[in-house]
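File shown here: structure11.csv, holding CSV, C-alpha atoms and all ligand atoms.
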```
chain,number,residue,atom,x,y,z
A,246,MET,CA,55.5,20.4,101.9
A,247,LYS,CA,54.7,22.0,105.2
A,248,THR,CA,51.6,24.2,105.5
A,249,LEU,CA,51.3,27.4,107.4
A,250,HIS,CA,49.3,25.5,110.0
A,251,ASP,CA,52.2,23.0,110.4
A,252,VAL,CA,54.7,25.9,110.8
A,253,LEU,CA,52.6,27.7,113.4
A,254,CYS,CA,52.1,24.4,115.4
A,255,GLU,CA,55.8,24.0,115.5
A,256,ALA,CA,56.3,27.6,116.5
A,257,GLN,CA,53.8,27.2,119.4
A,258,LYS,CA,55.5,24.0,120.5
A,259,ASN,CA,59.1,25.3,120.2
A,260,LYS,CA,58.3,28.7,121.6
A,261,VAL,CA,59.5,30.7,118.6
A,262,ALA,CA,57.6,33.1,116.4
A,263,VAL,CA,57.3,33.1,112.6
A,264,GLY,CA,58.3,36.4,111.1
A,265,HIS,CA,55.8,38.3,109.0
A,266,PHE,CA,57.1,41.1,106.8
A,267,ASN,CA,55.0,43.4,104.5
A,268,VAL,CA,56.0,43.9,101.0
A,269,SER,CA,54.9,46.3,98.2
A,270,ASP,CA,56.9,44.9,95.3
A,271,LEU,CA,59.4,42.4,94.1
A,272,ALA,CA,62.4,44.1,95.8
A,273,GLY,CA,60.7,43.7,99.2
A,274,LEU,CA,59.7,40.1,98.4
A,275,LYS,CA,63.3,39.4,97.4
A,276,ALA,CA,64.7,40.8,100.6
A,277,VAL,CA,62.3,38.7,102.8
A,278,PHE,CA,62.7,35.5,100.8
A,279,GLU,CA,66.5,35.7,100.7
A,280,SER,CA,66.8,36.5,104.4
A,281,ALA,CA,64.6,33.6,105.4
A,282,ARG,CA,66.3,31.2,103.0
A,283,GLN,CA,69.8,32.1,104.2
A,284,LEU,CA,68.7,31.5,107.8
A,285,SER,CA,66.7,28.4,106.9
A,286,VAL,CA,63.6,29.5,108.8
A,287,PRO,CA,59.9,29.8,107.7
A,288,VAL,CA,58.6,33.2,106.8
A,289,ILE,CA,55.3,35.0,106.0
A,290,VAL,CA,55.1,37.7,103.4
A,291,GLY,CA,52.2,40.1,104.1
A,292,LEU,CA,50.3,42.5,101.8
A,293,SER,CA,47.7,44.9,103.1
A,294,GLU,CA,44.8,46.0,100.9
A,295,GLY,CA,46.9,48.9,99.7
A,296,GLU,CA,50.0,46.7,99.1
A,297,ARG,CA,47.8,44.2,97.2
A,298,ALA,CA,46.2,47.0,95.1
A,299,PHE,CA,49.8,48.0,94.0
A,300,MET,CA,51.3,44.5,93.4
A,301,GLY,CA,48.2,42.6,92.4
A,302,VAL,CA,46.5,40.0,94.4
A,303,ARG,CA,46.9,37.0,92.1
A,304,GLU,CA,50.4,38.3,90.9
A,305,ALA,CA,51.7,38.3,94.5
A,306,ALA,CA,50.3,34.9,95.3
A,307,ALA,CA,51.7,33.5,92.1
A,308,VAL,CA,55.3,34.8,92.8
A,309,VAL,CA,55.2,33.4,96.4
A,310,LYS,CA,54.0,30.1,95.1
A,311,VAL,CA,56.8,29.9,92.6
A,312,LEU,CA,59.4,30.7,95.3
A,313,ARG,CA,57.9,28.0,97.6
A,314,GLN,CA,57.9,25.3,94.9
A,315,GLU,CA,61.1,26.1,93.0
A,316,HIS,CA,63.2,26.4,96.2
A,317,ASP,CA,61.2,24.0,98.4
A,318,CYS,CA,61.1,26.5,101.2
A,319,PRO,CA,58.4,27.4,103.7
A,320,ILE,CA,57.4,30.9,102.5
A,321,PHE,CA,53.7,31.8,103.0
A,322,ILE,CA,51.5,34.7,102.0
A,323,ASN,CA,49.1,36.6,104.2
A,324,ALA,CA,46.3,39.1,103.3
A,325,ASP,CA,47.0,41.6,106.0
A,326,HIS,CA,44.3,43.9,107.5
A,327,THR,CA,41.4,43.1,105.2
A,328,HIS,CA,38.4,45.2,105.9
A,329,SER,CA,35.8,43.7,103.6
A,330,LEU,CA,34.6,40.2,102.8
A,331,ALA,CA,34.8,40.8,99.0
A,332,SER,CA,38.5,41.7,99.3
A,333,ALA,CA,39.1,38.7,101.6
A,334,GLU,CA,37.4,36.4,99.1
A,335,ASP,CA,39.7,37.7,96.3
A,336,ALA,CA,42.7,36.8,98.4
A,337,ALA,CA,41.3,33.3,99.3
A,338,ARG,CA,40.6,32.6,95.6
A,339,ALA,CA,44.1,33.7,94.7
A,340,GLY,CA,45.6,31.1,97.0
A,341,PHE,CA,46.7,33.1,100.0
A,342,ASP,CA,47.6,31.0,103.1
A,343,SER,CA,46.0,33.2,105.6
A,344,ILE,CA,43.8,36.3,105.9
A,345,VAL,CA,43.6,38.9,108.6
A,346,PHE,CA,39.9,39.8,108.7
A,347,ASP,CA,40.0,43.1,110.5
A,348,ARG,CA,36.7,44.5,111.7
A,349,SER,CA,38.1,45.7,115.0
A,350,GLU,CA,36.8,49.2,114.5
A,351,LEU,CA,33.3,47.9,114.9
A,352,PRO,CA,31.4,47.4,118.2
A,353,PHE,CA,32.4,44.0,119.7
A,354,ALA,CA,29.1,42.1,118.9
A,355,GLN,CA,29.3,43.3,115.3
A,356,ASN,CA,32.9,42.4,115.0
A,357,ILE,CA,32.0,38.9,116.2
A,358,SER,CA,29.1,38.4,113.7
A,359,GLU,CA,31.1,39.8,110.7
A,360,THR,CA,34.2,37.7,111.5
A,361,LYS,CA,32.1,34.6,112.0
A,362,ARG,CA,30.5,35.1,108.6
A,363,ALA,CA,33.9,35.7,107.0
A,364,VAL,CA,35.4,32.5,108.6
A,365,GLU,CA,32.5,30.5,107.1
A,366,ALA,CA,32.7,32.1,103.6
A,367,LEU,CA,36.5,31.9,103.4
A,368,LYS,CA,36.8,28.3,104.6
A,369,ALA,CA,34.2,27.4,101.9
A,370,ILE,CA,36.6,28.7,99.3
A,371,ASN,CA,39.7,27.0,100.9
A,372,PRO,CA,39.1,24.7,104.0
A,373,SER,CA,42.8,24.9,104.9
A,374,ILE,CA,43.1,28.7,104.9
A,375,LEU,CA,43.8,30.3,108.3
A,376,ILE,CA,41.7,33.2,109.4
A,377,GLU,CA,42.9,35.8,111.9
A,378,GLY,CA,40.6,38.1,113.8
A,379,GLU,CA,41.4,41.2,115.7
A,380,ILE,CA,40.0,42.8,118.9
A,381,GLY,CA,41.2,45.9,120.8
A,382,GLU,CA,43.1,48.9,119.4
A,383,ILE,CA,46.5,48.8,117.8
A,384,GLY,CA,46.4,52.1,115.9
A,385,THR,CA,46.6,52.4,112.1
A,386,GLY,CA,49.3,53.2,109.5
A,387,SER,CA,52.7,51.5,109.3
A,388,GLU,CA,54.2,54.9,108.8
A,389,ILE,CA,56.1,57.6,110.7
A,390,HIS,CA,53.9,59.2,113.3
A,391,GLU,CA,54.6,62.5,115.1
A,392,GLN,CA,53.7,60.7,118.4
A,393,ALA,CA,53.0,57.2,119.5
A,394,PRO,CA,49.2,56.6,119.8
A,395,GLN,CA,47.9,57.1,123.4
A,396,ASP,CA,45.4,55.2,125.5
A,397,LEU,CA,44.8,52.3,123.1
A,398,ARG,CA,42.2,49.9,124.4
A,399,LEU,CA,43.9,46.6,125.2
A,400,THR,CA,42.3,43.1,124.7
A,401,THR,CA,41.0,41.3,127.8
A,402,PRO,CA,41.4,37.5,128.3
A,403,GLU,CA,37.6,37.3,128.7
A,404,GLU,CA,36.7,39.0,125.5
A,405,ALA,CA,39.4,37.1,123.7
A,406,LYS,CA,37.9,33.8,124.9
A,407,GLN,CA,34.4,34.9,123.8
A,408,PHE,CA,35.6,36.1,120.5
A,409,ALA,CA,37.6,32.9,119.7
A,410,ALA,CA,34.7,30.6,120.6
A,411,ALA,CA,32.0,32.7,118.8
A,412,THR,CA,33.9,33.2,115.5
A,413,GLY,CA,35.9,30.0,114.9
A,414,ILE,CA,39.1,32.0,114.0
A,415,ASP,CA,42.5,30.2,113.8
A,416,ILE,CA,44.6,33.1,114.9
A,417,LEU,CA,44.0,36.0,117.2
A,418,ALA,CA,45.5,39.5,116.9
A,419,PRO,CA,45.3,41.0,120.4
A,420,ALA,CA,46.2,44.5,121.5
A,421,VAL,CA,48.8,44.1,124.2
A,422,GLY,CA,50.8,47.4,124.0
A,423,ASN,CA,51.7,47.0,120.4
A,424,SER,CA,50.8,49.6,117.8
A,425,HIS,CA,51.3,50.2,114.1
A,426,GLY,CA,54.0,52.6,112.9
A,427,LEU,CA,57.0,54.3,114.5
A,428,SER,CA,57.0,57.7,116.3
A,429,ARG,CA,59.8,60.1,115.6
A,430,SER,CA,61.3,59.5,119.1
A,431,MET,CA,61.4,55.7,118.4
A,432,ILE,CA,63.2,56.4,115.1
A,433,ARG,CA,65.7,58.5,117.0
A,434,GLY,CA,66.2,55.6,119.4
A,435,GLU,CA,64.8,57.5,122.4
A,436,ALA,CA,61.7,55.5,123.0
A,437,GLN,CA,60.5,51.9,122.5
A,438,LYS,CA,57.2,50.1,122.6
A,439,ARG,CA,56.7,47.9,125.7
A,440,LEU,CA,54.4,44.9,125.9
A,441,ASP,CA,52.0,43.6,128.5
A,442,ILE,CA,53.5,40.1,128.9
A,443,ASP,CA,51.1,38.9,131.6
A,444,ARG,CA,48.2,39.8,129.4
A,445,ILE,CA,49.6,37.9,126.5
A,446,ALA,CA,50.1,34.8,128.7
A,447,GLU,CA,46.5,35.1,130.0
A,448,ILE,CA,45.0,35.5,126.5
A,449,ALA,CA,47.1,32.5,125.3
A,450,LYS,CA,45.8,30.4,128.2
A,451,ALA,CA,42.2,31.6,127.7
A,452,THR,CA,42.0,30.9,124.0
A,453,GLY,CA,44.7,28.3,123.1
A,454,LEU,CA,44.9,30.0,119.7
A,455,PHE,CA,47.9,31.0,117.6
A,456,MET,CA,48.6,34.7,118.3
A,457,THR,CA,49.9,37.4,116.1
A,458,LEU,CA,51.7,40.5,117.4
A,459,HIS,CA,51.0,43.3,114.9
A,460,GLY,CA,52.9,46.6,114.8
A,461,ALA,CA,56.1,45.2,116.3
A,462,SER,CA,58.5,47.7,114.8
A,463,GLY,CA,60.3,49.6,117.5
A,464,THR,CA,59.5,47.2,120.2
A,465,ASN,CA,61.9,46.4,123.0
A,466,ASP,CA,63.8,43.2,122.0
A,467,GLU,CA,63.5,41.6,125.4
A,468,ASP,CA,59.8,42.2,125.4
A,469,LEU,CA,59.6,40.5,122.1
A,470,GLN,CA,61.4,37.5,123.4
A,471,ARG,CA,59.2,37.3,126.5
A,472,ALA,CA,56.1,37.8,124.4
A,473,ILE,CA,57.1,34.7,122.3
A,474,GLN,CA,57.6,32.7,125.5
A,475,ALA,CA,54.2,33.9,126.7
A,476,GLY,CA,52.4,32.6,123.5
A,477,ILE,CA,53.0,34.9,120.5
A,478,THR,CA,53.5,32.7,117.4
A,479,GLU,CA,53.7,35.3,114.6
A,480,ILE,CA,55.2,38.8,114.6
A,481,HIS,CA,54.5,41.5,112.1
A,482,ILE,CA,57.2,44.0,111.1
A,483,ASN,CA,56.5,46.5,108.4
A,484,THR,CA,57.6,50.1,109.3
A,485,GLU,CA,61.2,49.1,110.1
A,486,VAL,CA,61.4,47.5,106.7
A,487,ARG,CA,59.9,50.5,104.9
A,488,LEU,CA,62.3,52.8,106.7
A,489,ALA,CA,65.3,50.6,105.6
A,490,TRP,CA,63.9,50.6,102.0
A,491,ARG,CA,63.8,54.4,101.9
A,492,ARG,CA,67.2,54.9,103.5
A,493,GLY,CA,68.8,52.3,101.2
A,494,LEU,CA,67.4,54.0,98.1
A,495,GLU,CA,68.5,57.4,99.3
A,496,THR,CA,72.0,56.2,99.9
A,497,ALA,CA,72.1,54.7,96.4
A,498,PHE,CA,70.8,57.9,94.8
A,499,THR,CA,73.2,60.1,96.7
A,500,LYS,CA,76.2,57.9,95.7
A,501,GLU,CA,75.3,57.5,92.0
A,502,HIS,CA,73.9,60.7,90.6
A,503,ASP,CA,73.7,59.6,87.0
A,504,GLN,CA,72.7,56.0,87.5
A,505,ILE,CA,69.3,55.3,85.9
A,506,VAL,CA,69.5,51.5,85.7
A,507,PRO,CA,66.9,50.2,88.3
A,508,TYR,CA,68.6,46.9,88.9
A,509,LYS,CA,71.8,48.8,89.8
A,510,LEU,CA,70.1,51.1,92.3
A,511,LEU,CA,67.6,48.7,93.9
A,512,PRO,CA,70.1,46.2,95.4
A,513,ALA,CA,70.9,48.9,98.0
A,514,ALA,CA,67.3,48.9,99.1
A,515,VAL,CA,67.2,45.1,99.1
A,516,ASP,CA,70.3,44.9,101.2
A,517,ALA,CA,69.0,47.5,103.7
A,518,MET,CA,65.7,45.6,104.0
A,519,LYS,CA,67.6,42.3,104.4
A,520,GLN,CA,69.5,43.6,107.4
A,521,VAL,CA,66.3,44.4,109.2
A,522,VAL,CA,64.5,41.2,108.2
A,523,SER,CA,67.5,38.9,109.1
A,524,ALA,CA,68.0,40.6,112.5
A,525,ARG,CA,64.3,40.2,113.4
A,526,LEU,CA,64.2,36.6,112.1
A,527,LEU,CA,67.2,35.7,114.4
A,528,LEU,CA,65.5,37.2,117.4
A,529,PHE,CA,62.1,35.6,116.7
A,530,ASN,CA,63.7,32.2,116.2
A,531,GLY,CA,65.6,32.3,119.5
A,532,ARG,CA,68.9,32.4,117.7
A,533,GLN,CA,70.3,35.5,119.3
A,534,SER,CA,73.0,34.9,121.8
A,535,ARG,CA,71.2,36.8,124.5
A,536,THR,CA,69.0,34.7,126.8
A,537,VAL,CA,65.9,35.9,128.6
A,538,THR,CA,64.2,34.6,131.7
A,539,THR,CA,60.4,34.9,131.9
B,601,ZN,ZN,49.0,44.9,111.5
```

Produce C-alpha cells that represent the structure in this file.
Ligand SMILES: [Zn+2]
Amino acid sequence: MKTLHDVLCEAQKNKVAVGHFNVSDLAGLKAVFESARQLSVPVIVGLSEGERAFMGVREAAAVVKVLRQEHDCPIFINADHTHSLASAEDAARAGFDSIVFDRSELPFAQNISETKRAVEALKAINPSILIEGEIGEIGTGSEIHEQAPQDLRLTTPEEAKQFAAATGIDILAPAVGNSHGLSRSMIRGEAQKRLDIDRIAEIAKATGLFMTLHGASGTNDEDLQRAIQAGITEIHINTEVRLAWRRGLETAFTKEHDQIVPYKLLPAAVDAMKQVVSARLLLFNGRQSRTVTT
C-alpha cells in the first residue's frame, strides 16, 4: 500500500497537489473519504489540536486506518497545527502519517531549534512519519473573519533554505499570500486571496521540499493551479468545508422542523461538504477542463 511519502513524490513529479481537508467528526470524515474515493485520488484528513480534542486522537487515527485497509484506498491522517511536542508525540504514537509542528509564532532561531528537536523526537517514535514546519505568517482561525488579515510576513527563499537545512523537516508550510479563514467579503464572492507564485517557485527551488499551502479557502482558482505548477504539493481547505457543513445543516433543519433522527438530517451536511471537497480535488488534480499557462 502506498505511503504518504509515495503519494507526495508522485504529486511533485506529476505537478498535482494532494487535497487536505479538516474534519471534526465522522460526518466530515465520511464526506472527505467518499469524495476522494469517487474520484480515485489520494486524500489527507487533517485534525487540528481542537479537532483532535473533540474527536479523539487515537479514535480518529483508528477510523482512518480502517477506511484505508478495508477499502484499499490512499487516505492519510495529519495532525494539523500542533503547538507542543507532547501533543505531537501523542499523534505520532496514535499512528498519524504526518504532523504539522507549528512554532511559527516564535522568533526564527527558536522556531528552528524547537522544530529540529521535534523532528528528532517524532522520527524516533515512527521513522516514516513526515514532519512539516512553518515559517512566516498565515493568520489564525479557520473561521469567518470581519476582514482578511493585513500585512502578513511572507516567507523568503533564503530563510526557507536555512530552516529546511537546519531542522530536517520533510514538508514546508510557507507564507505566500495564503491565510486561514474567510473574510465576509470573500464569502459574498467580492474578494479572493491571491498568491505570490514567483515566491513559491523560488522557495521550491531553494529547498526541494514538499510544500503545503495552508488556508487555501477563498483563493483564486487560477492562482491555485499556478501554485501547484510552481511546486505546491499539498493544499489545505478547512473554512470552505465548515461553511458548507453549517449551510447544509441549516437547510435540513429548515426543511424538516420535526425531524430528530440524526442520520436523516446529517446527510444534508455530508452532501454539502462533498460538493466542496470534490470540486477542490478536481482542481488540485488537474482534472478541471480549464487549462492554465504559467
Ligand atoms: Zn493551516

Spatial neighbours of segment 395-399 of chain A, 12 Å, all atoms listed in the file, chain gap at least 3 places, as a VMD selection string = chain A and resid 349 to 350 379 to 385 390 to 392 402 to 405 418 to 425 428 438 440 to 441 444 to 445 448

If you take all atoms listed in the file and a cut-off of 10 Å, which residues of chain A touch ligand ZN 601 (chain B), and what are their nearest atom pairs and distances in Å to one decimal, in chain and number order, as JSON lines?
```
{"residue": "A:His265", "atom": "CA", "partner": "B:ZN601", "partner_atom": "ZN", "distance": 9.8}
{"residue": "A:Asn267", "atom": "CA", "partner": "B:ZN601", "partner_atom": "ZN", "distance": 9.3}
{"residue": "A:Gly291", "atom": "CA", "partner": "B:ZN601", "partner_atom": "ZN", "distance": 9.4}
{"residue": "A:Ser293", "atom": "CA", "partner": "B:ZN601", "partner_atom": "ZN", "distance": 8.5}
{"residue": "A:Asp325", "atom": "CA", "partner": "B:ZN601", "partner_atom": "ZN", "distance": 6.7}
{"residue": "A:His326", "atom": "CA", "partner": "B:ZN601", "partner_atom": "ZN", "distance": 6.3}
{"residue": "A:Val345", "atom": "CA", "partner": "B:ZN601", "partner_atom": "ZN", "distance": 8.6}
{"residue": "A:Asp347", "atom": "CA", "partner": "B:ZN601", "partner_atom": "ZN", "distance": 9.2}
{"residue": "A:Glu379", "atom": "CA", "partner": "B:ZN601", "partner_atom": "ZN", "distance": 9.4}
{"residue": "A:Ile383", "atom": "CA", "partner": "B:ZN601", "partner_atom": "ZN", "distance": 7.8}
{"residue": "A:Gly384", "atom": "CA", "partner": "B:ZN601", "partner_atom": "ZN", "distance": 8.8}
{"residue": "A:Thr385", "atom": "CA", "partner": "B:ZN601", "partner_atom": "ZN", "distance": 7.9}
{"residue": "A:Gly386", "atom": "CA", "partner": "B:ZN601", "partner_atom": "ZN", "distance": 8.5}
{"residue": "A:Ser387", "atom": "CA", "partner": "B:ZN601", "partner_atom": "ZN", "distance": 7.9}
{"residue": "A:Ala418", "atom": "CA", "partner": "B:ZN601", "partner_atom": "ZN", "distance": 8.4}
{"residue": "A:Asn423", "atom": "CA", "partner": "B:ZN601", "partner_atom": "ZN", "distance": 9.5}
{"residue": "A:Ser424", "atom": "CA", "partner": "B:ZN601", "partner_atom": "ZN", "distance": 8.1}
{"residue": "A:His425", "atom": "CA", "partner": "B:ZN601", "partner_atom": "ZN", "distance": 6.3}
{"residue": "A:Gly426", "atom": "CA", "partner": "B:ZN601", "partner_atom": "ZN", "distance": 9.3}
{"residue": "A:Thr457", "atom": "CA", "partner": "B:ZN601", "partner_atom": "ZN", "distance": 8.8}
{"residue": "A:Leu458", "atom": "CA", "partner": "B:ZN601", "partner_atom": "ZN", "distance": 7.8}
{"residue": "A:His459", "atom": "CA", "partner": "B:ZN601", "partner_atom": "ZN", "distance": 4.3}
{"residue": "A:Gly460", "atom": "CA", "partner": "B:ZN601", "partner_atom": "ZN", "distance": 5.4}
{"residue": "A:Ala461", "atom": "CA", "partner": "B:ZN601", "partner_atom": "ZN", "distance": 8.6}
{"residue": "A:Ile480", "atom": "CA", "partner": "B:ZN601", "partner_atom": "ZN", "distance": 9.2}
{"residue": "A:His481", "atom": "CA", "partner": "B:ZN601", "partner_atom": "ZN", "distance": 6.5}
{"residue": "A:Ile482", "atom": "CA", "partner": "B:ZN601", "partner_atom": "ZN", "distance": 8.3}
{"residue": "A:Asn483", "atom": "CA", "partner": "B:ZN601", "partner_atom": "ZN", "distance": 8.3}
```

Between A:Ala489, A:Leu375, A:Ile432, A:Ala363, which has the minimum distance to Val522 of chain A (counting all atoms listed in the file)?
->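 Of the candidates, the smallest distance to Val522 of chain A is held by A:Ala489.
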
Might you pull out every residue within 9 Å of Val309 of chain A, with only C-alpha atoms counted and same-chain residues fewer than 3 positions away left off, and present them as a ChimeraX atom specification?
-> /A:274,278,290,304-306,312-314,320-322

Keeping C-alpha atoms, export the residues of the selection given above as a PDB file, in the frame of the given file.
```
ATOM      1  CA  LEU A 274      59.700  40.100  98.400  1.00  0.00           C
ATOM      2  CA  PHE A 278      62.700  35.500 100.800  1.00  0.00           C
ATOM      3  CA  VAL A 290      55.100  37.700 103.400  1.00  0.00           C
ATOM      4  CA  GLU A 304      50.400  38.300  90.900  1.00  0.00           C
ATOM      5  CA  ALA A 305      51.700  38.300  94.500  1.00  0.00           C
ATOM      6  CA  ALA A 306      50.300  34.900  95.300  1.00  0.00           C
ATOM      7  CA  LEU A 312      59.400  30.700  95.300  1.00  0.00           C
ATOM      8  CA  ARG A 313      57.900  28.000  97.600  1.00  0.00           C
ATOM      9  CA  GLN A 314      57.900  25.300  94.900  1.00  0.00           C
ATOM     10  CA  ILE A 320      57.400  30.900 102.500  1.00  0.00           C
ATOM     11  CA  PHE A 321      53.700  31.800 103.000  1.00  0.00           C
ATOM     12  CA  ILE A 322      51.500  34.700 102.000  1.00  0.00           C
TER      13      ILE A 322
END
```

Two-atom distance - atom CA of Ala276 of chain A, atom CA of Asp466 of chain A (Å) |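 Spanning atom CA of Ala276 of chain A to atom CA of Asp466 of chain A is a straight-line distance of 21.6 Å.
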